[in-house]
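This is run.cif. It holds mmCIF, C-alpha atoms.
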data_upload
loop_
_atom_site.label_atom_id
_atom_site.label_comp_id
_atom_site.auth_asym_id
_atom_site.auth_seq_id
_atom_site.Cartn_x
_atom_site.Cartn_y
_atom_site.Cartn_z
CA MET U 8 88.84 52.91 -128.81
CA MET U 9 90.73 50.74 -131.27
CA ALA U 10 90.13 51.13 -134.98
CA ASN U 11 88.68 48.23 -136.96
CA LYS U 12 91.10 45.91 -138.63
CA GLY U 13 91.95 47.33 -142.02
CA ALA U 14 90.45 50.73 -141.16
CA LYS U 15 92.41 53.94 -141.45
CA PRO U 16 94.25 55.32 -138.39
CA LEU U 17 92.48 58.13 -136.55
CA ALA U 18 95.35 60.61 -136.92
CA TRP U 19 94.43 63.76 -138.83
CA SER U 20 94.83 63.38 -142.58
CA LYS U 21 94.70 65.54 -145.69
CA HIS U 22 91.38 63.91 -146.56
CA ASP U 23 89.98 65.13 -143.22
CA THR U 24 91.01 68.67 -144.16
CA LYS U 25 89.17 68.27 -147.47
CA TRP U 26 86.03 67.33 -145.56
CA VAL U 27 86.37 70.39 -143.30
CA LEU U 28 86.58 72.58 -146.40
CA SER U 29 83.66 70.80 -148.07
CA LEU U 30 81.45 71.21 -145.00
CA PHE U 31 82.57 74.83 -144.66
CA GLY U 32 81.61 75.41 -148.29
CA THR U 33 78.21 73.78 -147.77
CA ALA U 34 77.45 76.11 -144.86
CA VAL U 35 78.73 79.36 -146.39
CA GLY U 36 76.04 79.99 -148.97
CA ALA U 37 73.11 82.33 -149.31
CA GLY U 38 72.78 82.67 -145.54
CA ILE U 39 75.98 84.64 -145.13
CA LEU U 40 74.84 87.22 -147.69
CA PHE U 41 71.86 88.15 -145.48
CA LEU U 42 73.15 87.15 -142.02
CA PRO U 43 74.77 90.51 -141.11
CA ILE U 44 71.52 92.36 -141.92
CA ASN U 45 69.44 90.12 -139.65
CA ALA U 46 72.01 89.46 -136.93
CA GLY U 47 73.11 93.08 -136.56
CA SER U 48 69.72 94.74 -136.55
CA GLY U 49 69.58 94.73 -132.75
CA GLY U 50 73.01 96.26 -132.19
CA PHE U 51 76.37 95.00 -130.95
CA TRP U 52 75.63 93.18 -127.70
CA PRO U 53 72.97 90.75 -128.98
CA LEU U 54 75.53 89.85 -131.62
CA ILE U 55 78.00 88.92 -128.88
CA ILE U 56 75.43 86.56 -127.36
CA MET U 57 74.82 85.00 -130.79
CA ALA U 58 78.56 84.52 -131.37
CA VAL U 59 78.84 82.66 -128.06
CA LEU U 60 75.84 80.43 -128.77
CA ILE U 61 76.28 79.54 -132.44
CA GLY U 62 79.58 77.67 -132.05
CA PRO U 63 78.28 74.96 -129.69
CA MET U 64 74.90 74.96 -131.45
CA THR U 65 76.54 74.24 -134.80
CA TYR U 66 78.97 71.63 -133.53
CA LEU U 67 76.66 69.70 -131.20
CA SER U 68 73.71 69.56 -133.60
CA HIS U 69 75.76 68.34 -136.57
CA ARG U 70 77.62 65.92 -134.31
CA GLY U 71 74.30 64.43 -133.23
CA LEU U 72 73.16 63.97 -136.82
CA SER U 73 76.46 62.37 -137.80
CA ARG U 74 76.34 60.01 -134.83
CA PHE U 75 72.83 59.01 -135.88
CA VAL U 76 73.98 58.09 -139.40
CA CYS U 77 77.08 56.31 -138.05
CA SER U 78 74.93 54.20 -135.71
CA SER U 79 73.64 52.03 -138.55
CA ALA U 80 74.47 48.34 -138.48
CA ILE U 81 74.09 48.17 -142.27
CA PRO U 82 77.19 49.17 -144.27
CA GLY U 83 76.72 52.09 -146.65
CA SER U 84 73.40 53.25 -145.17
CA ASP U 85 72.63 56.93 -145.70
CA ILE U 86 70.30 58.99 -143.50
CA THR U 87 67.13 57.91 -145.30
CA GLN U 88 67.99 54.23 -144.79
CA VAL U 89 69.10 54.74 -141.17
CA VAL U 90 65.77 56.39 -140.35
CA VAL U 91 63.91 53.32 -141.65
CA GLU U 92 66.30 51.00 -139.82
CA HIS U 93 65.74 52.71 -136.45
CA PHE U 94 62.18 54.07 -136.63
CA GLY U 95 60.43 51.72 -139.05
CA SER U 96 59.02 52.11 -142.54
CA GLY U 97 56.21 54.60 -141.81
CA ALA U 98 58.30 57.10 -139.86
CA GLY U 99 61.15 56.55 -142.28
CA LYS U 100 59.03 57.57 -145.25
CA ALA U 101 57.74 60.69 -143.49
CA ILE U 102 61.16 61.88 -142.34
CA THR U 103 62.69 61.16 -145.75
CA ILE U 104 60.09 63.39 -147.41
CA LEU U 105 60.70 66.15 -144.84
CA TYR U 106 64.46 65.82 -145.34
CA PHE U 107 64.03 66.29 -149.09
CA LEU U 108 61.62 69.23 -148.69
CA ALA U 109 64.06 70.99 -146.35
CA ILE U 110 66.90 70.90 -148.87
CA TYR U 111 65.50 70.76 -152.41
CA PRO U 112 64.05 74.33 -152.46
CA ILE U 113 67.45 75.70 -151.45
CA VAL U 114 69.02 73.96 -154.48
CA LEU U 115 66.48 75.70 -156.71
CA ILE U 116 67.23 79.09 -155.17
CA TYR U 117 70.96 78.59 -155.73
CA GLY U 118 70.18 78.17 -159.43
CA VAL U 119 68.48 81.57 -159.32
CA GLY U 120 71.23 83.10 -157.20
CA ILE U 121 74.13 81.99 -159.37
CA THR U 122 72.39 83.23 -162.51
CA ASN U 123 71.61 86.66 -161.04
CA THR U 124 75.11 87.04 -159.59
CA VAL U 125 76.92 86.21 -162.82
CA ASP U 126 74.50 88.23 -164.96
CA SER U 127 74.92 91.31 -162.75
CA PHE U 128 78.71 90.96 -162.71
CA MET U 129 78.90 90.60 -166.51
CA VAL U 130 76.68 93.63 -167.13
CA ASN U 131 77.67 96.03 -164.33
CA GLN U 132 81.34 95.25 -163.68
CA LEU U 133 82.55 93.84 -167.01
CA GLY U 134 80.36 96.00 -169.26
CA MET U 135 79.20 93.04 -171.34
CA ASP U 136 75.89 92.61 -173.10
CA PRO U 137 73.65 90.24 -171.14
CA LEU U 138 73.29 86.68 -172.37
CA PRO U 139 69.74 85.34 -172.80
CA ARG U 140 68.72 84.14 -169.34
CA TRP U 141 67.83 80.62 -170.49
CA ILE U 142 71.32 80.16 -171.97
CA LEU U 143 73.25 81.66 -169.04
CA SER U 144 71.27 79.75 -166.40
CA GLY U 145 71.53 76.50 -168.35
CA LEU U 146 75.32 76.80 -168.66
CA LEU U 147 75.79 77.65 -164.98
CA VAL U 148 73.49 74.93 -163.62
CA ALA U 149 75.00 72.37 -166.00
CA GLY U 150 78.50 73.39 -164.92
CA MET U 151 77.73 72.95 -161.23
CA MET U 152 76.03 69.61 -161.84
CA ALA U 153 78.89 68.37 -164.02
CA VAL U 154 81.17 68.61 -160.98
CA MET U 155 78.69 66.57 -158.92
CA MET U 156 78.33 63.90 -161.61
CA ALA U 157 82.12 63.56 -161.83
CA GLY U 158 82.15 61.94 -158.39
CA GLN U 159 82.69 62.71 -154.71
CA GLU U 160 86.48 63.04 -154.95
CA ILE U 161 86.24 65.58 -157.78
CA MET U 162 83.58 67.48 -155.85
CA LEU U 163 85.85 67.64 -152.79
CA ARG U 164 88.75 68.91 -154.90
CA VAL U 165 86.66 71.60 -156.58
CA THR U 166 85.18 72.65 -153.23
CA GLU U 167 88.69 72.85 -151.77
CA ALA U 168 89.75 75.07 -154.68
CA LEU U 169 86.70 77.32 -154.16
CA VAL U 170 86.81 77.54 -150.37
CA TYR U 171 90.37 78.88 -150.07
CA PRO U 172 89.68 82.04 -152.12
CA LEU U 173 86.23 82.37 -150.49
CA ALA U 174 87.74 82.34 -146.99
CA ALA U 175 90.57 84.67 -148.06
CA ILE U 176 88.22 87.23 -149.62
CA LEU U 177 85.91 87.09 -146.60
CA VAL U 178 88.84 87.94 -144.33
CA LEU U 179 90.15 90.66 -146.67
CA LEU U 180 86.73 92.28 -146.92
CA SER U 181 86.27 92.08 -143.15
CA LEU U 182 89.62 93.78 -142.59
CA TYR U 183 88.98 96.28 -145.38
CA LEU U 184 85.91 97.54 -143.51
CA ILE U 185 87.77 98.17 -140.23
CA PRO U 186 88.46 101.87 -140.97
CA SER U 187 84.70 102.31 -141.43
CA TRP U 188 83.79 100.80 -138.05
CA ASP U 189 81.58 102.94 -135.81
CA LEU U 190 82.33 101.80 -132.27
CA SER U 191 79.64 104.00 -130.76
CA THR U 192 77.26 101.04 -131.09
CA VAL U 193 79.35 99.22 -128.48
CA THR U 194 78.21 101.71 -125.83
CA GLN U 195 74.54 101.40 -126.82
CA VAL U 196 73.03 98.79 -124.51
CA SER U 197 69.34 97.97 -124.84
CA SER U 198 67.23 96.31 -122.16
CA PRO U 199 67.81 92.61 -121.40
CA GLY U 200 64.35 91.77 -122.70
CA SER U 201 64.97 93.57 -125.97
CA MET U 202 68.34 91.87 -126.41
CA LEU U 203 66.92 88.41 -125.74
CA ALA U 204 64.06 89.04 -128.16
CA THR U 205 66.58 90.02 -130.85
CA VAL U 206 68.63 86.88 -130.21
CA TRP U 207 65.51 84.69 -130.25
CA LEU U 208 64.30 86.00 -133.60
CA THR U 209 67.79 85.87 -135.16
CA ILE U 210 68.69 82.32 -134.09
CA PRO U 211 66.72 80.80 -137.03
CA VAL U 212 68.83 82.87 -139.43
CA LEU U 213 72.00 81.71 -137.66
CA VAL U 214 70.85 78.09 -137.90
CA PHE U 215 70.28 78.51 -141.63
CA ALA U 216 73.56 80.37 -142.22
CA PHE U 217 75.69 77.79 -140.37
CA ASN U 218 73.75 74.74 -141.56
CA HIS U 219 75.77 72.05 -143.37
CA SER U 220 73.46 69.14 -142.56
CA PRO U 221 72.77 68.27 -146.25
CA ALA U 222 76.35 67.00 -146.55
CA ILE U 223 76.45 65.22 -143.16
CA SER U 224 74.86 61.99 -144.40
CA GLN U 225 77.36 61.31 -147.19
CA PHE U 226 80.16 62.61 -144.96
CA SER U 227 79.21 60.06 -142.30
CA VAL U 228 78.79 57.24 -144.84
CA SER U 229 82.29 57.98 -146.14
CA LEU U 230 83.78 57.90 -142.64
CA LYS U 231 81.87 54.72 -141.81
CA ARG U 232 83.39 53.07 -144.87
CA ASP U 233 86.93 54.22 -143.98
CA TYR U 234 86.91 53.97 -140.17
CA GLY U 235 84.23 51.41 -139.28
CA SER U 236 83.16 51.63 -135.65
CA ASP U 237 85.53 54.58 -135.12
CA ALA U 238 83.65 56.72 -137.67
CA ALA U 239 81.72 58.71 -135.06
CA GLU U 240 84.92 59.53 -133.17
CA LYS U 241 86.61 60.74 -136.36
CA ALA U 242 83.47 62.71 -137.30
CA ASP U 243 83.54 64.49 -133.92
CA LYS U 244 87.04 65.80 -134.66
CA ILE U 245 86.26 66.94 -138.20
CA LEU U 246 82.99 68.60 -137.18
CA GLY U 247 84.69 70.35 -134.26
CA ARG U 248 87.24 71.95 -136.57
CA THR U 249 84.55 72.79 -139.11
CA ALA U 250 82.49 74.63 -136.49
CA THR U 251 85.59 76.50 -135.29
CA VAL U 252 86.51 77.62 -138.80
CA LEU U 253 82.92 78.61 -139.58
CA VAL U 254 82.45 80.69 -136.45
CA GLY U 255 85.84 82.37 -136.88
CA PHE U 256 85.47 83.39 -140.52
CA VAL U 257 81.74 84.05 -140.68
CA MET U 258 81.37 85.95 -137.42
CA LEU U 259 84.40 88.13 -138.25
CA PHE U 260 82.61 89.05 -141.47
CA VAL U 261 79.32 89.65 -139.64
CA PHE U 262 80.90 91.80 -136.91
CA SER U 263 82.82 93.86 -139.46
CA CYS U 264 79.71 94.51 -141.58
CA VAL U 265 77.59 95.36 -138.54
CA LEU U 266 80.15 97.78 -137.09
CA ALA U 267 80.70 99.40 -140.49
CA LEU U 268 77.00 99.97 -141.15
CA GLY U 269 75.18 100.16 -137.84
CA PRO U 270 71.54 99.29 -137.04
CA THR U 271 70.00 102.14 -139.07
CA GLN U 272 71.73 101.25 -142.33
CA LEU U 273 71.16 97.54 -141.74
CA ALA U 274 67.45 98.24 -141.34
CA GLU U 275 67.56 100.20 -144.60
CA ALA U 276 69.27 97.28 -146.36
CA LYS U 277 66.59 94.95 -145.03
CA ALA U 278 63.84 97.28 -146.24
CA GLN U 279 65.46 97.36 -149.70
CA ASN U 280 65.70 93.53 -149.67
CA LEU U 281 69.40 93.73 -150.57
CA PRO U 282 72.19 91.34 -149.55
CA VAL U 283 74.77 93.06 -147.39
CA LEU U 284 77.45 93.10 -150.09
CA SER U 285 75.16 94.85 -152.58
CA TYR U 286 74.21 97.42 -149.96
CA LEU U 287 77.85 97.97 -149.03
CA ALA U 288 78.75 98.51 -152.67
CA ASN U 289 76.02 101.14 -152.94
CA VAL U 290 76.93 102.93 -149.71
CA HIS U 291 80.72 102.86 -149.95
CA GLY U 292 81.05 103.17 -153.71
CA SER U 293 84.22 101.09 -153.35
CA PRO U 294 85.64 99.38 -156.47
CA PHE U 295 87.06 96.70 -154.16
CA ILE U 296 83.60 95.82 -152.84
CA ALA U 297 81.99 96.27 -156.27
CA TYR U 298 84.27 93.59 -157.76
CA PHE U 299 84.87 91.25 -154.86
CA GLY U 300 81.28 91.29 -153.58
CA PRO U 301 79.96 89.34 -156.59
CA ILE U 302 82.98 87.02 -156.43
CA ILE U 303 82.20 86.18 -152.79
CA ALA U 304 78.56 85.56 -153.71
CA PHE U 305 79.58 83.32 -156.64
CA LEU U 306 82.01 81.23 -154.58
CA ALA U 307 79.58 80.97 -151.67
CA ILE U 308 76.67 79.84 -153.85
CA VAL U 309 78.68 77.29 -155.87
CA SER U 310 80.38 75.71 -152.86
CA SER U 311 77.08 75.53 -150.95
CA PHE U 312 75.23 74.13 -153.97
CA PHE U 313 77.37 70.98 -153.90
CA GLY U 314 76.42 69.98 -150.36
CA HIS U 315 72.74 70.79 -150.81
CA TYR U 316 72.62 68.90 -154.11
CA LEU U 317 74.06 65.83 -152.34
CA GLY U 318 71.34 66.02 -149.69
CA ALA U 319 68.50 66.66 -152.13
CA THR U 320 69.40 63.79 -154.48
CA GLU U 321 69.87 61.48 -151.51
CA GLY U 322 66.42 62.42 -150.19
CA LEU U 323 64.74 61.95 -153.58
CA HIS U 324 66.46 58.58 -154.01
CA GLY U 325 65.14 57.57 -150.59
CA ILE U 326 61.60 58.67 -151.50
CA VAL U 327 61.57 56.63 -154.72
CA ARG U 328 62.98 53.55 -153.03
CA GLY U 329 60.76 53.89 -149.97
CA GLN U 330 57.47 54.88 -151.61
CA TYR U 331 57.54 53.50 -155.14
CA ASP U 332 60.17 50.86 -155.90
CA PRO U 333 61.87 49.48 -152.76
CA ASP U 334 63.28 46.38 -154.48
CA ALA U 335 64.60 48.18 -157.58
CA ARG U 336 62.44 45.98 -159.83
CA LYS U 337 60.89 48.81 -161.85
CA ILE U 338 63.96 51.00 -162.19
CA ALA U 339 67.55 49.90 -161.62
CA ASP U 340 69.76 52.03 -159.43
CA PRO U 341 72.04 53.41 -162.22
CA ALA U 342 68.94 54.45 -164.19
CA LEU U 343 67.41 56.04 -161.07
CA VAL U 344 70.57 58.05 -160.42
CA LYS U 345 70.46 59.38 -163.99
CA ALA U 346 66.74 60.13 -163.78
CA ILE U 347 67.22 62.08 -160.54
CA ALA U 348 70.07 64.05 -162.11
CA VAL U 349 67.89 64.96 -165.11
CA PHE U 350 65.03 65.99 -162.78
CA MET U 351 67.36 68.15 -160.66
CA PHE U 352 68.84 69.83 -163.72
CA LEU U 353 65.53 70.58 -165.44
CA THR U 354 63.79 71.91 -162.33
CA THR U 355 66.78 73.99 -161.17
CA TRP U 356 67.23 75.37 -164.69
CA GLY U 357 63.50 76.09 -165.02
CA VAL U 358 63.32 78.00 -161.73
CA ALA U 359 66.51 79.90 -162.64
CA ILE U 360 64.86 81.02 -165.89
CA LEU U 361 61.68 82.09 -164.07
CA ASN U 362 63.77 84.08 -161.56
CA PRO U 363 61.34 84.10 -158.60
CA SER U 364 62.15 86.39 -155.68
CA ILE U 365 61.48 83.81 -152.97
CA LEU U 366 64.73 83.48 -150.99
CA GLY U 367 63.15 84.70 -147.77
CA ILE U 368 60.13 82.43 -148.21
CA ILE U 369 62.31 79.41 -148.84
CA GLU U 370 64.44 80.14 -145.77
CA THR U 371 61.31 80.46 -143.65
CA LEU U 372 59.66 77.30 -144.96
CA ALA U 373 62.83 75.21 -144.89
CA GLY U 374 63.90 76.49 -141.47
CA PRO U 375 61.51 74.57 -139.21
CA VAL U 376 62.25 71.29 -141.01
CA ILE U 377 66.01 71.86 -140.83
CA ALA U 378 65.74 72.55 -137.09
CA ALA U 379 63.59 69.45 -136.54
CA ILE U 380 65.86 67.10 -138.47
CA LEU U 381 69.18 68.61 -137.37
CA TYR U 382 68.44 69.37 -133.70
CA LEU U 383 65.48 67.30 -132.51
CA MET U 384 65.44 64.04 -134.47
CA PRO U 385 68.99 62.89 -133.48
CA MET U 386 68.31 63.71 -129.82
CA TYR U 387 65.10 61.71 -129.93
CA ALA U 388 67.05 58.83 -131.48
CA ILE U 389 69.62 58.90 -128.68
CA TYR U 390 66.89 58.04 -126.17
CA LYS U 391 65.11 55.51 -128.40
CA VAL U 392 67.82 53.67 -130.33
CA PRO U 393 69.94 51.11 -128.44
CA ALA U 394 72.95 51.73 -130.69
CA LEU U 395 73.04 55.33 -129.43
CA ALA U 396 72.48 54.55 -125.75
CA LYS U 397 76.08 55.46 -124.83
CA TYR U 398 75.32 59.11 -125.62
CA ARG U 399 72.44 59.39 -123.15
CA GLY U 400 72.52 61.52 -120.00
CA GLN U 401 74.73 64.29 -121.42
CA ILE U 402 73.97 67.95 -120.72
CA SER U 403 74.83 68.74 -124.35
CA ASN U 404 71.71 66.81 -125.41
CA VAL U 405 69.51 69.16 -123.39
CA PHE U 406 71.28 72.17 -124.92
CA VAL U 407 70.65 70.90 -128.47
CA VAL U 408 66.96 70.20 -127.79
CA VAL U 409 66.41 73.64 -126.24
CA ALA U 410 68.28 75.33 -129.11
CA GLY U 411 66.19 73.42 -131.66
CA LEU U 412 62.92 74.39 -129.98
CA ILE U 413 64.01 78.03 -129.77
CA ALA U 414 64.94 78.02 -133.46
CA MET U 415 61.60 76.49 -134.46
CA SER U 416 59.59 78.87 -132.23
CA GLY U 417 61.44 81.89 -133.64
CA ILE U 418 60.71 80.82 -137.20
CA LEU U 419 57.04 80.15 -136.49
CA TYR U 420 56.72 83.50 -134.69
CA SER U 421 58.23 85.26 -137.72
CA MET U 422 55.71 83.50 -139.96
CA PHE U 423 52.56 83.91 -137.89
CA GLY U 424 53.38 86.41 -135.14
#

Written as structure tokens, that's how I'd like the structure from this file.
Amino acid sequence: MMANKGAKPLAWSKHDTKWVLSLFGTAVGAGILFLPINAGSGGFWPLIIMAVLIGPMTYLSHRGLSRFVCSSAIPGSDITQVVVEHFGSGAGKAITILYFLAIYPIVLIYGVGITNTVDSFMVNQLGMDPLPRWILSGLLVAGMMAVMMAGQEIMLRVTEALVYPLAAILVLLSLYLIPSWDLSTVTQVSSPGSMLATVWLTIPVLVFAFNHSPAISQFSVSLKRDYGSDAAEKADKILGRTATVLVGFVMLFVFSCVLALGPTQLAEAKAQNLPVLSYLANVHGSPFIAYFGPIIAFLAIVSSFFGHYLGATEGLHGIVRGQYDPDARKIADPALVKAIAVFMFLTTWGVAILNPSILGIIETLAGPVIAAILYLMPMYAIYKVPALAKYRGQISNVFVVVAGLIAMSGILYSMFG
């Protein structure tokens, strides 16, 4: 396929690497702090099955969503506008609201998470007196939002600067735990039914932990602007490398934690409602984990906040334009952007001050919507939208649909089973 006249060549570029790092940072957030506890609760062999499945699940689902956004005939259209273009105004409004509701609560929780992480580090590791929560949370939320308001290029640079140490510390911590590995779990094989049940109930957590869909819309819009009709092809390459990096780094961390702790201690950590790094610090009493655990949490939360903030503001913008002021007669776009930023800051700051313990609830409520939008909606579009007709008849489409249904059923079973 030839690139559009004036478009960039398809050869790999430094900017592509920045996008890989940005998408990696979006995915590696709160999920990774709880993933080992959930994924390792059933032992070693279910974890092997998950490691095999999550790579293609992550790549194919995000590829489908990116192809959907790239299919627009209207330059600069984000996911909320593409939904209206392909499915009509009514469906567009509904999906836009769902898209926002899937992402916005996670932004709020990151405000809580970053405040708790920094407060704990200041008090327990640095021996400082705690700052008033309303001041600390306001400074942290304002700092993260200042990066977003500075523009996409600045955000990519900051994410790149954060992701390198995050990836390095993840690897170091994974290797640091090797002497503590208990390989006896490798010989413990449960029944096939028990293993499959463990995988089924853990897939929703994997979907959440590897999810970088909030950044896919703006990622695809950027590629569409730079590569024209070749945007989807370029996106495939970037998303393939992103999935490879994610699976490599994250699953190494998960395997290392699971082998170091074992099912009994992981169950204890789950009962105590502790992230794996906090539990490790308590069990090992290691200064290395005590100091680098909070640093990993800080880097993971900040880098993931950026991508989720992009998705949440995009969804809210789409709701206002679709439901209230489609022609921008009541509020001009620059004023709307500022109003959304003020709303995001005040609500994130307010929730951070209140400090609710609702991470698990948010994951559960956001999970079904994430699975529907990321896995099912793009596959439905492939068989309904003429611009996506070339992707029909592929076995990968069936795989994505089945994975999405399994993820949704597992979440709903956890909620109501």

For range 196-253 of chain U against range 407-415 of chain U, with a cut-off of 12 Å and counting only C-alpha atoms, what is the closest atom pair and its distance in Å to one decimal for every residue that makes the cut, ordered by chain and number, as a Markdown table?
| residue | atom | partner | partner_atom | distance |
| --- | --- | --- | --- | --- |
| U:Leu203 | CA | U:Ile413 | CA | 11.5 |
| U:Ala204 | CA | U:Ile413 | CA | 11.1 |
| U:Val206 | CA | U:Ile413 | CA | 10.0 |
| U:Trp207 | CA | U:Ile413 | CA | 6.8 |
| U:Leu208 | CA | U:Ala414 | CA | 8.0 |
| U:Thr209 | CA | U:Ala414 | CA | 8.5 |
| U:Ile210 | CA | U:Ala414 | CA | 5.7 |
| U:Pro211 | CA | U:Ala414 | CA | 4.9 |
| U:Val212 | CA | U:Ala414 | CA | 8.6 |
| U:Leu213 | CA | U:Ala414 | CA | 9.0 |
| U:Val214 | CA | U:Ala414 | CA | 7.4 |
| U:Phe215 | CA | U:Ala414 | CA | 9.8 |

**Prompt:** Which residues match the PyMOL selection byres ((chain U and resi 252-269) around 7) in the file above, as a PyMOL selection string?
**Reply:** chain U and resi 31+43+47+58+62+174+177-178+181+184-185+187-190+248-251+270-273

**Request:** Tell me which of U:Gln195, U:Ser29, U:Gln225, U:Asn218 sits closest to Gly50 in chain U, counting all atoms listed in the file.
**Result:** U:Gln195

**Asked** What residues have an atom no more than 6 Å from (79.5, 53.8, -144.1) in the file's own frame, counting only C-alpha atoms, and can you write them as a VMD selection string?
**Response** chain U and resid 82 to 83 228 to 229 231 to 232

Residue selection dump (C-alpha atoms) as a CSV table (one decimal), in the frame of the given file:
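So the final result, stored in selection-v9.csv, reads:
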chain,number,residue,atom,x,y,z
U,82,PRO,CA,77.2,49.2,-144.3
U,83,GLY,CA,76.7,52.1,-146.6
U,228,VAL,CA,78.8,57.2,-144.8
U,229,SER,CA,82.3,58.0,-146.1
U,231,LYS,CA,81.9,54.7,-141.8
U,232,ARG,CA,83.4,53.1,-144.9

**Item:** Of the listed residues U:Ile326, U:Ala396, U:Glu167, U:Ala297, that which approaches His22 in chain U most closely, counting only C-alpha atoms
**Value:** U:Glu167

Would you list the contacts of His93 in chain U as a PDB file with C-alpha atoms, in the frame of the given file, taking every protein, DNA or RNA residue within 7 Å and counting all atoms listed in the file, but skipping same-chain residues closer than 3 positions in sequence?
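Written out: part.pdb:
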ATOM      1  CA  VAL U  89      69.100  54.740-141.170  1.00  0.00           C
ATOM      2  CA  VAL U  90      65.770  56.390-140.350  1.00  0.00           C
ATOM      3  CA  VAL U 392      67.820  53.670-130.330  1.00  0.00           C
TER       4      VAL U 392
END

**Asked** How many Å separate CA of Gly32 in chain U from CA of Ala307 in chain U?
**Response**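 Separating CA of Gly32 in chain U from CA of Ala307 in chain U is a distance of 6.8 Å.
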
**Two-atom distance - CA of Lys397 in chain U, CA of Thr87 in chain U (Å)** =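 Taking CA of Lys397 in chain U and CA of Thr87 in chain U, their separation equals 22.5 Å.
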
Could you add whatever atoms are missing so that range 184-197 of chain U carries N, CA and C atoms, then write the result as a CSV table (one decimal), in the coordinates of the input?
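Once written, out05.csv looks like this:
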chain,number,residue,atom,x,y,z
U,184,LEU,N,87.0,96.7,-144.1
U,184,LEU,CA,85.9,97.5,-143.5
U,184,LEU,C,86.3,98.1,-142.2
U,185,ILE,N,87.4,97.7,-141.6
U,185,ILE,CA,87.8,98.2,-140.2
U,185,ILE,C,87.8,99.7,-140.1
U,186,PRO,N,88.4,100.4,-141.1
U,186,PRO,CA,88.5,101.9,-141.0
U,186,PRO,C,87.1,102.5,-140.9
U,187,SER,N,86.1,101.8,-141.4
U,187,SER,CA,84.7,102.3,-141.4
U,187,SER,C,83.9,101.9,-140.2
U,188,TRP,N,84.5,101.2,-139.2
U,188,TRP,CA,83.8,100.8,-138.0
U,188,TRP,C,83.3,102.0,-137.2
U,189,ASP,N,82.1,101.9,-136.7
U,189,ASP,CA,81.6,102.9,-135.8
U,189,ASP,C,81.4,102.3,-134.5
U,190,LEU,N,82.3,102.5,-133.6
U,190,LEU,CA,82.3,101.8,-132.3
U,190,LEU,C,81.3,102.4,-131.3
U,191,SER,N,80.6,103.4,-131.7
U,191,SER,CA,79.6,104.0,-130.8
U,191,SER,C,78.5,103.0,-130.4
U,192,THR,N,78.3,102.0,-131.3
U,192,THR,CA,77.3,101.0,-131.1
U,192,THR,C,77.6,100.1,-129.9
U,193,VAL,N,78.9,100.1,-129.6
U,193,VAL,CA,79.4,99.2,-128.5
U,193,VAL,C,78.8,99.8,-127.2
U,194,THR,N,78.7,101.1,-127.1
U,194,THR,CA,78.2,101.7,-125.8
U,194,THR,C,76.7,101.8,-125.7
U,195,GLN,N,76.0,101.4,-126.8
U,195,GLN,CA,74.5,101.4,-126.8
U,195,GLN,C,74.0,100.0,-126.3
U,196,VAL,N,73.5,100.0,-125.1
U,196,VAL,CA,73.0,98.8,-124.5
U,196,VAL,C,71.5,98.9,-124.3
U,197,SER,N,70.8,98.0,-125.0
U,197,SER,CA,69.3,98.0,-124.8
U,197,SER,C,69.0,97.1,-123.6
